[in-house]
Amino acid sequence: MALILLRHTAPKVEAGICYGQTDLDVTTNFEGEAMRALNSLPPVAHIITSPLRRCRILADFISQHLSLPVKEDPRFMEIDFGQWEGQAWSDIPRAEIDAWTDDFFHARPHGGESVAQLKARTDAALADYHQSNEPTLIVTHAGVIRAAFAKGETAENFDTKIEFGAFAVLATAPRVI
């Protein structure tokens, strides 16, 4: 059955900051963004969420409107950027960025997760939920959604564009909404 991967709404963070697993709050525009996301969703029978606040708050909002329980699954957390977390991308040493781009899939110059590790945990989690016979909403992050749709190991394979509060359907033929 279909898995609906919903990206959280805009987080409360300055532009240009690396914030993978940093536990950020939502912005003051949350309610409007959440209502737009809710109104765009197809019918769902289950709600799964990343435990990070920016996802959990949206999952709880949807849960209240649909009267469905929420289950947390940490496998749907964003990539762990290690020592890069909370830093401005422009402040990260160029040599570290170059090491990551030179081996996008396996490099871990920040000491956190590699993209390969993100892809492996995402694929394992999706395989568990894909067995459901009912549509399942997964409130998650852009990195997880990119990993879900990636068909290779290069940065170009992880180039799925997904806006805050938008969703992608992972079924027999993945499509981005």
# chains A, B, ... in the order shown; residues from 1 in each chain; ligands from 1

call {"tool": "residues_around", "arguments": {"residues": "Pro51 (chain A)", "least_positions_apart": "5", "cutoff": "12 Å", "atoms": "only C-alpha atoms", "output": "list in words"}}
result
His8, Gln21, Thr22, Asp23, Leu24, Arg56, Ile57, Leu58, Ala59, Asp60, Val70, Lys71, Glu72, Asp73, Pro74, Arg75, Phe76, Met77, Glu78, Ile138, Val139, Thr140 and His141 of chain A

call {"tool": "residues_around", "arguments": {"residues": "Thr28 (chain A)", "least_positions_apart": "3", "cutoff": "10 Å", "atoms": "only C-alpha atoms", "output": "PyMOL selection string"}}
result
chain A and resi 10-12+25+31-33

call {"tool": "select_by_dssp", "arguments": {"residues": "chain A", "states": "alpha helix (DSSP H)", "output": "MDAnalysis selection string"}}
result
chainID A and resid 30:40 53:66 94:102 115:130 142:149

call {"tool": "select_by_dssp", "arguments": {"residues": "region 4-149 of chain A", "states": "strand (DSSP E)", "output": "ChimeraX atom specification"}}
result
/A:4-7,46-49,70-72,136-140

call {"tool": "write_last_selection", "arguments": {"atoms": "all heavy atoms", "output": "tab-separated table (two decimals), in the first residue's frame"}}
result
chain	number	residue	atom	x	y	z
A	4	ILE	N	2.86	7.68	2.42
A	4	ILE	CA	2.83	9.10	2.14
A	4	ILE	C	3.90	9.74	3.02
A	4	ILE	O	3.80	9.73	4.25
A	4	ILE	CB	1.44	9.71	2.43
A	4	ILE	CG1	0.38	9.05	1.55
A	4	ILE	CG2	1.45	11.21	2.20
A	4	ILE	CD1	-0.50	8.10	2.27
A	5	LEU	N	4.96	10.25	2.40
A	5	LEU	CA	6.08	10.84	3.13
A	5	LEU	C	5.89	12.35	3.15
A	5	LEU	O	6.05	13.02	2.13
A	5	LEU	CB	7.40	10.48	2.46
A	5	LEU	CG	7.66	8.98	2.24
A	5	LEU	CD1	8.98	8.76	1.52
A	5	LEU	CD2	7.62	8.23	3.55
A	6	LEU	N	5.55	12.88	4.31
A	6	LEU	CA	5.27	14.31	4.49
A	6	LEU	C	6.45	14.99	5.16
A	6	LEU	O	6.87	14.58	6.25
A	6	LEU	CB	4.00	14.48	5.34
A	6	LEU	CG	3.62	15.89	5.77
A	6	LEU	CD1	3.30	16.77	4.55
A	6	LEU	CD2	2.44	15.84	6.74
A	7	ARG	N	6.97	16.02	4.50
A	7	ARG	CA	8.05	16.80	5.12
A	7	ARG	C	7.43	17.75	6.14
A	7	ARG	O	6.38	18.35	5.90
A	7	ARG	CB	8.82	17.59	4.07
A	7	ARG	CG	10.02	18.31	4.67
A	7	ARG	CD	10.80	19.07	3.63
A	7	ARG	NE	12.00	19.67	4.22
A	7	ARG	CZ	12.72	20.60	3.62
A	7	ARG	NH1	12.39	21.03	2.42
A	7	ARG	NH2	13.79	21.09	4.22
A	46	HIS	N	-2.82	5.34	9.19
A	46	HIS	CA	-1.80	5.29	10.25
A	46	HIS	C	-0.91	6.52	10.14
A	46	HIS	O	-0.69	7.03	9.03
A	46	HIS	CB	-0.91	4.04	10.12
A	46	HIS	CG	-1.70	2.78	10.10
A	46	HIS	ND1	-2.21	2.21	11.24
A	46	HIS	CD2	-2.07	1.97	9.08
A	46	HIS	CE1	-2.85	1.11	10.92
A	46	HIS	NE2	-2.79	0.94	9.61
A	47	ILE	N	-0.38	6.97	11.28
A	47	ILE	CA	0.56	8.09	11.30
A	47	ILE	C	1.82	7.65	12.04
A	47	ILE	O	1.76	7.24	13.20
A	47	ILE	CB	-0.02	9.34	11.99
A	47	ILE	CG1	-1.33	9.77	11.32
A	47	ILE	CG2	1.00	10.48	11.99
A	47	ILE	CD1	-2.07	10.88	12.07
A	48	ILE	N	2.95	7.76	11.34
A	48	ILE	CA	4.27	7.46	11.91
A	48	ILE	C	5.05	8.77	11.84
A	48	ILE	O	4.90	9.54	10.89
A	48	ILE	CB	5.01	6.39	11.07
A	48	ILE	CG1	4.11	5.19	10.76
A	48	ILE	CG2	6.32	5.99	11.74
A	48	ILE	CD1	3.61	4.44	11.97
A	49	THR	N	5.91	9.02	12.81
A	49	THR	CA	6.67	10.27	12.77
A	49	THR	C	8.10	10.09	13.28
A	49	THR	O	8.38	9.23	14.12
A	49	THR	CB	5.99	11.38	13.60
A	49	THR	OG1	6.67	12.63	13.38
A	49	THR	CG2	5.97	11.07	15.08
A	70	VAL	N	-0.47	8.41	16.94
A	70	VAL	CA	0.85	8.63	16.32
A	70	VAL	C	1.85	7.67	16.93
A	70	VAL	O	1.90	7.50	18.15
A	70	VAL	CB	1.32	10.08	16.55
A	70	VAL	CG1	2.72	10.29	15.99
A	70	VAL	CG2	0.35	11.08	15.95
A	71	LYS	N	2.64	7.07	16.06
A	71	LYS	CA	3.74	6.21	16.51
A	71	LYS	C	5.06	6.86	16.09
A	71	LYS	O	5.21	7.25	14.93
A	71	LYS	CB	3.61	4.82	15.87
A	71	LYS	CG	4.75	3.89	16.21
A	71	LYS	CD	4.63	2.57	15.48
A	71	LYS	CE	5.87	1.73	15.71
A	71	LYS	NZ	5.89	0.54	14.85
A	72	GLU	N	6.00	6.96	17.02
A	72	GLU	CA	7.33	7.48	16.69
A	72	GLU	C	8.23	6.37	16.19
A	72	GLU	O	8.19	5.25	16.71
A	72	GLU	CB	7.98	8.13	17.91
A	72	GLU	CG	7.42	9.47	18.27
A	72	GLU	CD	8.21	10.15	19.38
A	72	GLU	OE1	9.26	9.63	19.83
A	72	GLU	OE2	7.77	11.24	19.79
A	136	THR	N	-0.29	4.76	4.85
A	136	THR	CA	0.42	5.18	6.04
A	136	THR	C	1.11	6.51	5.79
A	136	THR	O	1.85	6.67	4.82
A	136	THR	CB	1.47	4.12	6.45
A	136	THR	OG1	0.77	2.88	6.70
A	136	THR	CG2	2.25	4.53	7.67
A	137	LEU	N	0.86	7.47	6.69
A	137	LEU	CA	1.51	8.77	6.64
A	137	LEU	C	2.77	8.72	7.49
A	137	LEU	O	2.72	8.29	8.65
A	137	LEU	CB	0.56	9.85	7.19
A	137	LEU	CG	1.16	11.25	7.31
A	137	LEU	CD1	1.51	11.82	5.94
A	137	LEU	CD2	0.20	12.17	8.06
A	138	ILE	N	3.88	9.15	6.90
A	138	ILE	CA	5.14	9.22	7.63
A	138	ILE	C	5.59	10.68	7.61
A	138	ILE	O	5.89	11.23	6.56
A	138	ILE	CB	6.21	8.31	6.99
A	138	ILE	CG1	5.72	6.86	7.02
A	138	ILE	CG2	7.55	8.47	7.71
A	138	ILE	CD1	6.55	5.90	6.21
A	139	VAL	N	5.59	11.31	8.79
A	139	VAL	CA	6.02	12.70	8.92
A	139	VAL	C	7.52	12.68	9.17
A	139	VAL	O	7.98	12.12	10.17
A	139	VAL	CB	5.26	13.43	10.05
A	139	VAL	CG1	5.66	14.89	10.10
A	139	VAL	CG2	3.75	13.29	9.86
A	140	THR	N	8.27	13.27	8.25
A	140	THR	CA	9.71	13.09	8.27
A	140	THR	C	10.43	14.31	7.71
A	140	THR	O	9.91	15.43	7.75
A	140	THR	CB	10.06	11.77	7.52
A	140	THR	OG1	11.45	11.47	7.72
A	140	THR	CG2	9.72	11.82	6.06

call {"tool": "atom_distance", "arguments": {"atom1": "CA of Ala127 (chain A)", "atom2": "CA of Thr160 (chain A)"}}
result
19.6 Å

call {"tool": "residues_around", "arguments": {"residues": "Lys161 (chain A)", "least_positions_apart": "6", "cutoff": "12 Å", "atoms": "only C-alpha atoms", "output": "list in words"}}
result
Arg7, His141, Ala142, Gly143, Val144, Ile145, Arg146, Ala147, Phe149, Ala150, Phe167, Ala168, Arg175, Val176 and Ile177 of chain A

call {"tool": "write_last_selection", "arguments": {"atoms": "N, CA, C and O atoms", "output": "PDB file, in the first residue's frame"}}
result
ATOM      1  N   ARG A   7       6.966  16.020   4.497  1.00  0.00           N
ATOM      2  CA  ARG A   7       8.047  16.801   5.121  1.00  0.00           C
ATOM      3  C   ARG A   7       7.433  17.751   6.135  1.00  0.00           C
ATOM      4  O   ARG A   7       6.381  18.348   5.900  1.00  0.00           O
ATOM      5  N   HIS A 141      11.616  14.100   7.166  1.00  0.00           N
ATOM      6  CA  HIS A 141      12.536  15.164   6.765  1.00  0.00           C
ATOM      7  C   HIS A 141      12.925  15.019   5.293  1.00  0.00           C
ATOM      8  O   HIS A 141      12.819  13.931   4.715  1.00  0.00           O
ATOM      9  N   ALA A 142      13.446  16.087   4.725  1.00  0.00           N
ATOM     10  CA  ALA A 142      13.845  16.078   3.312  1.00  0.00           C
ATOM     11  C   ALA A 142      14.892  15.011   3.027  1.00  0.00           C
ATOM     12  O   ALA A 142      14.816  14.318   2.008  1.00  0.00           O
ATOM     13  N   GLY A 143      15.869  14.853   3.907  1.00  0.00           N
ATOM     14  CA  GLY A 143      16.921  13.853   3.677  1.00  0.00           C
ATOM     15  C   GLY A 143      16.373  12.445   3.602  1.00  0.00           C
ATOM     16  O   GLY A 143      16.797  11.643   2.764  1.00  0.00           O
ATOM     17  N   VAL A 144      15.416  12.131   4.459  1.00  0.00           N
ATOM     18  CA  VAL A 144      14.786  10.813   4.448  1.00  0.00           C
ATOM     19  C   VAL A 144      13.997  10.620   3.151  1.00  0.00           C
ATOM     20  O   VAL A 144      14.065   9.553   2.529  1.00  0.00           O
ATOM     21  N   ILE A 145      13.275  11.643   2.746  1.00  0.00           N
ATOM     22  CA  ILE A 145      12.491  11.551   1.505  1.00  0.00           C
ATOM     23  C   ILE A 145      13.429  11.388   0.311  1.00  0.00           C
ATOM     24  O   ILE A 145      13.190  10.553  -0.569  1.00  0.00           O
ATOM     25  N   ARG A 146      14.512  12.132   0.293  1.00  0.00           N
ATOM     26  CA  ARG A 146      15.492  11.970  -0.799  1.00  0.00           C
ATOM     27  C   ARG A 146      16.062  10.556  -0.807  1.00  0.00           C
ATOM     28  O   ARG A 146      16.213   9.948  -1.868  1.00  0.00           O
ATOM     29  N   ALA A 147      16.381  10.030   0.370  1.00  0.00           N
ATOM     30  CA  ALA A 147      16.921   8.670   0.463  1.00  0.00           C
ATOM     31  C   ALA A 147      15.891   7.645  -0.019  1.00  0.00           C
ATOM     32  O   ALA A 147      16.246   6.672  -0.678  1.00  0.00           O
ATOM     33  N   PHE A 149      13.688   7.935  -2.319  1.00  0.00           N
ATOM     34  CA  PHE A 149      13.522   7.954  -3.773  1.00  0.00           C
ATOM     35  C   PHE A 149      14.836   7.761  -4.537  1.00  0.00           C
ATOM     36  O   PHE A 149      14.822   7.616  -5.749  1.00  0.00           O
ATOM     37  N   ALA A 150      15.971   7.774  -3.842  1.00  0.00           N
ATOM     38  CA  ALA A 150      17.279   7.660  -4.494  1.00  0.00           C
ATOM     39  C   ALA A 150      17.462   6.283  -5.118  1.00  0.00           C
ATOM     40  O   ALA A 150      17.156   5.265  -4.506  1.00  0.00           O
ATOM     41  N   PHE A 167       4.300  16.595   0.392  1.00  0.00           N
ATOM     42  CA  PHE A 167       4.461  15.153   0.549  1.00  0.00           C
ATOM     43  C   PHE A 167       4.776  14.484  -0.773  1.00  0.00           C
ATOM     44  O   PHE A 167       4.525  15.030  -1.848  1.00  0.00           O
ATOM     45  N   ALA A 168       5.323  13.289  -0.658  1.00  0.00           N
ATOM     46  CA  ALA A 168       5.621  12.436  -1.803  1.00  0.00           C
ATOM     47  C   ALA A 168       5.010  11.074  -1.500  1.00  0.00           C
ATOM     48  O   ALA A 168       5.024  10.622  -0.351  1.00  0.00           O
ATOM     49  N   ARG A 175       5.919   9.363  -6.781  1.00  0.00           N
ATOM     50  CA  ARG A 175       5.644  10.668  -7.362  1.00  0.00           C
ATOM     51  C   ARG A 175       5.723  11.718  -6.257  1.00  0.00           C
ATOM     52  O   ARG A 175       5.398  11.436  -5.124  1.00  0.00           O
ATOM     53  N   VAL A 176       6.141  12.916  -6.617  1.00  0.00           N
ATOM     54  CA  VAL A 176       6.242  14.007  -5.657  1.00  0.00           C
ATOM     55  C   VAL A 176       5.081  14.941  -5.892  1.00  0.00           C
ATOM     56  O   VAL A 176       4.785  15.306  -7.024  1.00  0.00           O
ATOM     57  N   ILE A 177       4.417  15.348  -4.811  1.00  0.00           N
ATOM     58  CA  ILE A 177       3.257  16.242  -4.881  1.00  0.00           C
ATOM     59  C   ILE A 177       3.661  17.609  -4.353  1.00  0.00           C
ATOM     60  O   ILE A 177       4.254  17.722  -3.331  1.00  0.00           O
TER      61      ILE A 177
END

call {"tool": "residues_around", "arguments": {"residues": "region 118-122 of chain A", "least_positions_apart": "2", "cutoff": "6 Å", "atoms": "only C-alpha atoms", "output": "PyMOL selection string"}}
result
chain A and resi 75+79+115-116+124-125+147

call {"tool": "closest_residue", "arguments": {"among": "A:Asp80, A:Met35, A:Leu3, A:Pro93", "to": "Gln117 (chain A)", "atoms": "only C-alpha atoms"}}
result
A:Asp80

call {"tool": "residues_around", "arguments": {"residues": "region 110-112 of chain A", "least_positions_apart": "6", "cutoff": "6 Å", "atoms": "only C-alpha atoms", "output": "list in words"}}
result
Asp80, Phe81, Gly82, Gln83 and Trp84 of chain A

call {"tool": "closest_residue", "arguments": {"among": "A:His65, A:Arg36, A:Arg108, A:Lys151", "to": "Gly165 (chain A)", "atoms": "only C-alpha atoms"}}
result
A:Arg36

call {"tool": "closest_residue", "arguments": {"among": "A:Tyr19, A:Phe61, A:Trp100, A:Tyr129", "to": "Leu38 (chain A)", "atoms": "only C-alpha atoms"}}
result
A:Phe61

call {"tool": "atom_distance", "arguments": {"atom1": "CA of Gly152 (chain A)", "atom2": "CA of Ala2 (chain A)"}}
result
22.0 Å

call {"tool": "atom_distance", "arguments": {"atom1": "CA of Pro135 (chain A)", "atom2": "CA of Pro43 (chain A)"}}
result
7.2 Å

call {"tool": "decode", "arguments": {"residues": "region 138-153 of chain A", "atoms": "all heavy atoms", "output": "PDB file, in the first residue's frame"}}
result
ATOM      1  N   ILE A 138       3.877   9.148   6.904  1.00  0.00           N
ATOM      2  CA  ILE A 138       5.143   9.223   7.625  1.00  0.00           C
ATOM      3  C   ILE A 138       5.588  10.678   7.615  1.00  0.00           C
ATOM      4  O   ILE A 138       5.893  11.234   6.565  1.00  0.00           O
ATOM      5  CB  ILE A 138       6.208   8.311   6.993  1.00  0.00           C
ATOM      6  CG1 ILE A 138       5.719   6.858   7.018  1.00  0.00           C
ATOM      7  CG2 ILE A 138       7.550   8.469   7.710  1.00  0.00           C
ATOM      8  CD1 ILE A 138       6.545   5.904   6.207  1.00  0.00           C
ATOM      9  N   VAL A 139       5.590  11.306   8.791  1.00  0.00           N
ATOM     10  CA  VAL A 139       6.016  12.701   8.923  1.00  0.00           C
ATOM     11  C   VAL A 139       7.519  12.676   9.175  1.00  0.00           C
ATOM     12  O   VAL A 139       7.980  12.125  10.174  1.00  0.00           O
ATOM     13  CB  VAL A 139       5.259  13.428  10.051  1.00  0.00           C
ATOM     14  CG1 VAL A 139       5.664  14.893  10.096  1.00  0.00           C
ATOM     15  CG2 VAL A 139       3.746  13.289   9.862  1.00  0.00           C
ATOM     16  N   THR A 140       8.269  13.270   8.250  1.00  0.00           N
ATOM     17  CA  THR A 140       9.712  13.085   8.270  1.00  0.00           C
ATOM     18  C   THR A 140      10.434  14.315   7.714  1.00  0.00           C
ATOM     19  O   THR A 140       9.910  15.425   7.749  1.00  0.00           O
ATOM     20  CB  THR A 140      10.059  11.767   7.524  1.00  0.00           C
ATOM     21  OG1 THR A 140      11.449  11.471   7.722  1.00  0.00           O
ATOM     22  CG2 THR A 140       9.719  11.817   6.058  1.00  0.00           C
ATOM     23  N   HIS A 141      11.616  14.100   7.166  1.00  0.00           N
ATOM     24  CA  HIS A 141      12.536  15.164   6.765  1.00  0.00           C
ATOM     25  C   HIS A 141      12.925  15.019   5.293  1.00  0.00           C
ATOM     26  O   HIS A 141      12.819  13.931   4.715  1.00  0.00           O
ATOM     27  CB  HIS A 141      13.799  15.090   7.633  1.00  0.00           C
ATOM     28  CG  HIS A 141      13.493  15.057   9.089  1.00  0.00           C
ATOM     29  ND1 HIS A 141      13.392  16.191   9.848  1.00  0.00           N
ATOM     30  CD2 HIS A 141      13.237  14.018   9.926  1.00  0.00           C
ATOM     31  CE1 HIS A 141      13.097  15.864  11.095  1.00  0.00           C
ATOM     32  NE2 HIS A 141      12.991  14.547  11.167  1.00  0.00           N
ATOM     33  N   ALA A 142      13.446  16.087   4.725  1.00  0.00           N
ATOM     34  CA  ALA A 142      13.845  16.078   3.312  1.00  0.00           C
ATOM     35  C   ALA A 142      14.892  15.011   3.027  1.00  0.00           C
ATOM     36  O   ALA A 142      14.816  14.318   2.008  1.00  0.00           O
ATOM     37  CB  ALA A 142      14.360  17.455   2.893  1.00  0.00           C
ATOM     38  N   GLY A 143      15.869  14.853   3.907  1.00  0.00           N
ATOM     39  CA  GLY A 143      16.921  13.853   3.677  1.00  0.00           C
ATOM     40  C   GLY A 143      16.373  12.445   3.602  1.00  0.00           C
ATOM     41  O   GLY A 143      16.797  11.643   2.764  1.00  0.00           O
ATOM     42  N   VAL A 144      15.416  12.131   4.459  1.00  0.00           N
ATOM     43  CA  VAL A 144      14.786  10.813   4.448  1.00  0.00           C
ATOM     44  C   VAL A 144      13.997  10.620   3.151  1.00  0.00           C
ATOM     45  O   VAL A 144      14.065   9.553   2.529  1.00  0.00           O
ATOM     46  CB  VAL A 144      13.888  10.625   5.689  1.00  0.00           C
ATOM     47  CG1 VAL A 144      13.049   9.362   5.581  1.00  0.00           C
ATOM     48  CG2 VAL A 144      14.735  10.619   6.961  1.00  0.00           C
ATOM     49  N   ILE A 145      13.275  11.643   2.746  1.00  0.00           N
ATOM     50  CA  ILE A 145      12.491  11.551   1.505  1.00  0.00           C
ATOM     51  C   ILE A 145      13.429  11.388   0.311  1.00  0.00           C
ATOM     52  O   ILE A 145      13.190  10.553  -0.569  1.00  0.00           O
ATOM     53  CB  ILE A 145      11.558  12.766   1.361  1.00  0.00           C
ATOM     54  CG1 ILE A 145      10.511  12.745   2.496  1.00  0.00           C
ATOM     55  CG2 ILE A 145      10.894  12.779  -0.023  1.00  0.00           C
ATOM     56  CD1 ILE A 145       9.680  14.000   2.623  1.00  0.00           C
ATOM     57  N   ARG A 146      14.512  12.132   0.293  1.00  0.00           N
ATOM     58  CA  ARG A 146      15.492  11.970  -0.799  1.00  0.00           C
ATOM     59  C   ARG A 146      16.062  10.556  -0.807  1.00  0.00           C
ATOM     60  O   ARG A 146      16.213   9.948  -1.868  1.00  0.00           O
ATOM     61  CB  ARG A 146      16.614  12.996  -0.645  1.00  0.00           C
ATOM     62  CG  ARG A 146      16.183  14.403  -0.952  1.00  0.00           C
ATOM     63  CD  ARG A 146      17.334  15.391  -0.786  1.00  0.00           C
ATOM     64  NE  ARG A 146      16.880  16.723  -1.051  1.00  0.00           N
ATOM     65  CZ  ARG A 146      16.912  17.718  -0.159  1.00  0.00           C
ATOM     66  NH1 ARG A 146      17.432  17.516   1.042  1.00  0.00           N
ATOM     67  NH2 ARG A 146      16.458  18.910  -0.483  1.00  0.00           N
ATOM     68  N   ALA A 147      16.381  10.030   0.370  1.00  0.00           N
ATOM     69  CA  ALA A 147      16.921   8.670   0.463  1.00  0.00           C
ATOM     70  C   ALA A 147      15.891   7.645  -0.019  1.00  0.00           C
ATOM     71  O   ALA A 147      16.246   6.672  -0.678  1.00  0.00           O
ATOM     72  CB  ALA A 147      17.351   8.364   1.897  1.00  0.00           C
ATOM     73  N   ALA A 148      14.632   7.870   0.297  1.00  0.00           N
ATOM     74  CA  ALA A 148      13.572   6.943  -0.109  1.00  0.00           C
ATOM     75  C   ALA A 148      13.454   6.838  -1.625  1.00  0.00           C
ATOM     76  O   ALA A 148      13.168   5.770  -2.161  1.00  0.00           O
ATOM     77  CB  ALA A 148      12.235   7.386   0.487  1.00  0.00           C
ATOM     78  N   PHE A 149      13.688   7.935  -2.319  1.00  0.00           N
ATOM     79  CA  PHE A 149      13.522   7.954  -3.773  1.00  0.00           C
ATOM     80  C   PHE A 149      14.836   7.761  -4.537  1.00  0.00           C
ATOM     81  O   PHE A 149      14.822   7.616  -5.749  1.00  0.00           O
ATOM     82  CB  PHE A 149      12.852   9.262  -4.211  1.00  0.00           C
ATOM     83  CG  PHE A 149      11.388   9.287  -3.912  1.00  0.00           C
ATOM     84  CD1 PHE A 149      10.930   9.715  -2.678  1.00  0.00           C
ATOM     85  CD2 PHE A 149      10.465   8.865  -4.854  1.00  0.00           C
ATOM     86  CE1 PHE A 149       9.571   9.713  -2.382  1.00  0.00           C
ATOM     87  CE2 PHE A 149       9.114   8.860  -4.576  1.00  0.00           C
ATOM     88  CZ  PHE A 149       8.661   9.287  -3.332  1.00  0.00           C
ATOM     89  N   ALA A 150      15.971   7.774  -3.842  1.00  0.00           N
ATOM     90  CA  ALA A 150      17.279   7.660  -4.494  1.00  0.00           C
ATOM     91  C   ALA A 150      17.462   6.283  -5.118  1.00  0.00           C
ATOM     92  O   ALA A 150      17.156   5.265  -4.506  1.00  0.00           O
ATOM     93  CB  ALA A 150      18.399   7.928  -3.494  1.00  0.00           C
ATOM     94  N   LYS A 151      17.978   6.277  -6.333  1.00  0.00           N
ATOM     95  CA  LYS A 151      18.210   5.020  -7.060  1.00  0.00           C
ATOM     96  C   LYS A 151      19.691   4.782  -7.333  1.00  0.00           C
ATOM     97  O   LYS A 151      20.041   3.948  -8.152  1.00  0.00           O
ATOM     98  CB  LYS A 151      17.447   5.036  -8.390  1.00  0.00           C
ATOM     99  CG  LYS A 151      15.959   5.199  -8.247  1.00  0.00           C
ATOM    100  CD  LYS A 151      15.342   4.032  -7.517  1.00  0.00           C
ATOM    101  CE  LYS A 151      13.831   4.184  -7.481  1.00  0.00           C
ATOM    102  NZ  LYS A 151      13.238   3.623  -6.306  1.00  0.00           N
ATOM    103  N   GLY A 152      20.550   5.510  -6.656  1.00  0.00           N
ATOM    104  CA  GLY A 152      21.988   5.349  -6.845  1.00  0.00           C
ATOM    105  C   GLY A 152      22.738   6.007  -5.702  1.00  0.00           C
ATOM    106  O   GLY A 152      22.140   6.447  -4.720  1.00  0.00           O
ATOM    107  N   GLU A 153      24.063   6.114  -5.850  1.00  0.00           N
ATOM    108  CA  GLU A 153      24.910   6.585  -4.761  1.00  0.00           C
ATOM    109  C   GLU A 153      25.497   7.979  -4.980  1.00  0.00           C
ATOM    110  O   GLU A 153      26.286   8.430  -4.159  1.00  0.00           O
ATOM    111  CB  GLU A 153      26.042   5.584  -4.532  1.00  0.00           C
ATOM    112  CG  GLU A 153      25.555   4.219  -4.118  1.00  0.00           C
ATOM    113  CD  GLU A 153      26.686   3.237  -3.848  1.00  0.00           C
ATOM    114  OE1 GLU A 153      27.873   3.624  -3.930  1.00  0.00           O
ATOM    115  OE2 GLU A 153      26.374   2.071  -3.536  1.00  0.00           O
TER     116      GLU A 153
END
